[in-house]
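Chemist: Provided herewith is a single structure, encoded as structure tokens, for subsequent inquiry.
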Amino acid sequence: LKRGDIAGTSFKNYKSDSGHGFLRLSNGKTRTFQVVSGYETDAYALNDQNMVCGNYYDAGGDYHGYIRAGSTTTTIDAPNSVGATGCTAINDSGVAAGYYFDSNDVGNAYLRTP
């Protein structure tokens, strides 16, 4: 990670539900990605190893957290999640934090260690 590197989400237009995650490097190069082609991918956090975390939707409408390092994506589903896990932060050691909803539709926090 260099000063000026950012991660985020881009949409073709405001009606689009197929957003792409992106990593924009300080040298101006941009890499876009979708975890599941044709379905929304959101990117929320970036660490010093250019690992991006966020969440994506699958074909069934459930969403899952993910960590992306290079072209490798690891899905995060909290143990008690019922199809709703998000990843909102990742530190330089790859420890990720986020939220999930349980069977009672109650929001909970989780911490994932590599």
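So you can find residues: chains in the structure tokens are A, B, ... in the order shown, residues in each start at 1, and ligands are numbered from 1 in order.
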Within 12 Å of Phe22 in chain A, counting only C-alpha atoms, which residues show up once you throw out same-chain ones fewer than 2 positions away? Write them as an mmCIF file with N, CA and C atoms, in the first residue's frame, please.
Modeler:
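And here's result_24.cif as it stands now:
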```cif
data_model
loop_
_atom_site.group_PDB
_atom_site.id
_atom_site.type_symbol
_atom_site.label_atom_id
_atom_site.label_comp_id
_atom_site.auth_asym_id
_atom_site.auth_seq_id
_atom_site.Cartn_x
_atom_site.Cartn_y
_atom_site.Cartn_z
ATOM 1 N N ASP A 5 -3.218 4.856 -2.630
ATOM 2 C CA ASP A 5 -3.922 3.637 -3.039
ATOM 3 C C ASP A 5 -5.293 3.635 -2.364
ATOM 4 N N ILE A 6 -6.322 3.248 -3.103
ATOM 5 C CA ILE A 6 -7.666 3.195 -2.531
ATOM 6 C C ILE A 6 -8.416 1.970 -3.055
ATOM 7 N N ALA A 7 -9.413 1.542 -2.311
ATOM 8 C CA ALA A 7 -10.332 0.486 -2.734
ATOM 9 C C ALA A 7 -11.737 1.054 -2.650
ATOM 10 N N GLY A 8 -12.618 0.572 -3.508
ATOM 11 C CA GLY A 8 -13.985 1.060 -3.488
ATOM 12 C C GLY A 8 -14.870 0.251 -4.404
ATOM 13 N N THR A 9 -16.040 0.797 -4.689
ATOM 14 C CA THR A 9 -17.038 0.143 -5.519
ATOM 15 C C THR A 9 -17.458 1.093 -6.616
ATOM 16 N N SER A 10 -17.604 0.580 -7.822
ATOM 17 C CA SER A 10 -18.079 1.405 -8.932
ATOM 18 C C SER A 10 -19.300 0.744 -9.567
ATOM 19 N N PHE A 11 -20.195 1.577 -10.055
ATOM 20 C CA PHE A 11 -21.411 1.114 -10.714
ATOM 21 C C PHE A 11 -21.495 1.733 -12.097
ATOM 22 N N GLY A 19 -22.395 -3.909 -9.280
ATOM 23 C CA GLY A 19 -21.218 -3.108 -8.986
ATOM 24 C C GLY A 19 -19.951 -3.952 -9.000
ATOM 25 N N HIS A 20 -18.854 -3.296 -9.269
ATOM 26 C CA HIS A 20 -17.535 -3.925 -9.284
ATOM 27 C C HIS A 20 -16.700 -3.345 -8.150
ATOM 28 N N ARG A 24 -7.455 1.039 -6.853
ATOM 29 C CA ARG A 24 -6.763 2.050 -7.639
ATOM 30 C C ARG A 24 -5.449 2.358 -6.941
ATOM 31 N N LEU A 25 -4.376 2.111 -7.674
ATOM 32 C CA LEU A 25 -3.044 2.321 -7.129
ATOM 33 C C LEU A 25 -2.607 3.765 -7.330
ATOM 34 N N LYS A 29 -2.981 3.137 -12.002
ATOM 35 C CA LYS A 29 -3.538 1.888 -12.533
ATOM 36 C C LYS A 29 -4.715 1.445 -11.678
ATOM 37 N N THR A 30 -5.753 0.964 -12.345
ATOM 38 C CA THR A 30 -6.950 0.509 -11.656
ATOM 39 C C THR A 30 -7.238 -0.925 -12.032
ATOM 40 N N ARG A 31 -7.564 -1.732 -11.026
ATOM 41 C CA ARG A 31 -7.977 -3.120 -11.241
ATOM 42 C C ARG A 31 -9.399 -3.246 -10.734
ATOM 43 N N THR A 32 -10.308 -3.674 -11.604
ATOM 44 C CA THR A 32 -11.679 -3.922 -11.183
ATOM 45 C C THR A 32 -11.915 -5.424 -11.094
ATOM 46 N N PHE A 33 -12.885 -5.814 -10.280
ATOM 47 C CA PHE A 33 -13.169 -7.241 -10.119
ATOM 48 C C PHE A 33 -14.583 -7.444 -9.612
ATOM 49 N N GLN A 34 -15.110 -8.612 -9.903
ATOM 50 C CA GLN A 34 -16.351 -9.104 -9.316
ATOM 51 C C GLN A 34 -16.068 -10.497 -8.786
ATOM 52 N N VAL A 35 -16.544 -10.784 -7.582
ATOM 53 C CA VAL A 35 -16.332 -12.111 -7.021
ATOM 54 C C VAL A 35 -17.180 -13.121 -7.778
ATOM 55 N N GLU A 40 -23.287 -7.954 -7.709
ATOM 56 C CA GLU A 40 -22.600 -6.853 -7.045
ATOM 57 C C GLU A 40 -21.463 -7.302 -6.138
ATOM 58 N N THR A 41 -20.345 -6.606 -6.247
ATOM 59 C CA THR A 41 -19.198 -6.757 -5.359
ATOM 60 C C THR A 41 -18.882 -5.387 -4.787
ATOM 61 N N ASP A 42 -18.839 -5.271 -3.477
ATOM 62 C CA ASP A 42 -18.500 -4.024 -2.798
ATOM 63 C C ASP A 42 -17.147 -4.173 -2.123
ATOM 64 N N ALA A 43 -16.316 -3.170 -2.217
ATOM 65 C CA ALA A 43 -15.008 -3.164 -1.559
ATOM 66 C C ALA A 43 -14.998 -2.055 -0.509
ATOM 67 N N TYR A 44 -14.606 -2.403 0.722
ATOM 68 C CA TYR A 44 -14.679 -1.441 1.822
ATOM 69 C C TYR A 44 -13.353 -1.099 2.476
ATOM 70 N N ALA A 45 -12.375 -1.994 2.421
ATOM 71 C CA ALA A 45 -11.138 -1.734 3.151
ATOM 72 C C ALA A 45 -9.944 -2.305 2.398
ATOM 73 N N LEU A 46 -8.772 -1.767 2.698
ATOM 74 C CA LEU A 46 -7.527 -2.120 2.029
ATOM 75 C C LEU A 46 -6.418 -2.081 3.079
ATOM 76 N N ASN A 50 -2.143 -4.730 0.030
ATOM 77 C CA ASN A 50 -3.150 -4.584 -1.030
ATOM 78 C C ASN A 50 -4.195 -5.696 -0.989
ATOM 79 N N MET A 51 -4.501 -6.185 0.211
ATOM 80 C CA MET A 51 -5.617 -7.104 0.406
ATOM 81 C C MET A 51 -6.871 -6.256 0.576
ATOM 82 N N VAL A 52 -7.881 -6.561 -0.208
ATOM 83 C CA VAL A 52 -9.137 -5.824 -0.185
ATOM 84 C C VAL A 52 -10.175 -6.688 0.522
ATOM 85 N N CYS A 53 -11.036 -6.077 1.324
ATOM 86 C CA CYS A 53 -12.158 -6.826 1.892
ATOM 87 C C CYS A 53 -13.451 -6.073 1.650
ATOM 88 N N GLY A 54 -14.525 -6.835 1.615
ATOM 89 C CA GLY A 54 -15.840 -6.265 1.383
ATOM 90 C C GLY A 54 -16.874 -7.365 1.407
ATOM 91 N N ARG A 68 -9.677 -10.355 -0.785
ATOM 92 C CA ARG A 68 -9.048 -10.568 -2.091
ATOM 93 C C ARG A 68 -7.591 -10.146 -2.007
ATOM 94 N N GLY A 70 -4.400 -10.180 -4.562
ATOM 95 C CA GLY A 70 -4.051 -10.429 -5.962
ATOM 96 C C GLY A 70 -5.292 -10.882 -6.696
#
```
Chemist: Restricting the calculation to only C-alpha atoms, which member of A:Asn47, A:Asn108, A:Thr113, A:Thr74 is positioned closest to Ala89 in chain A?
Modeler: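 Of A:Asn47, A:Asn108, A:Thr113, A:Thr74, the one nearest Ala89 in chain A is A:Asn47, counting only C-alpha atoms.
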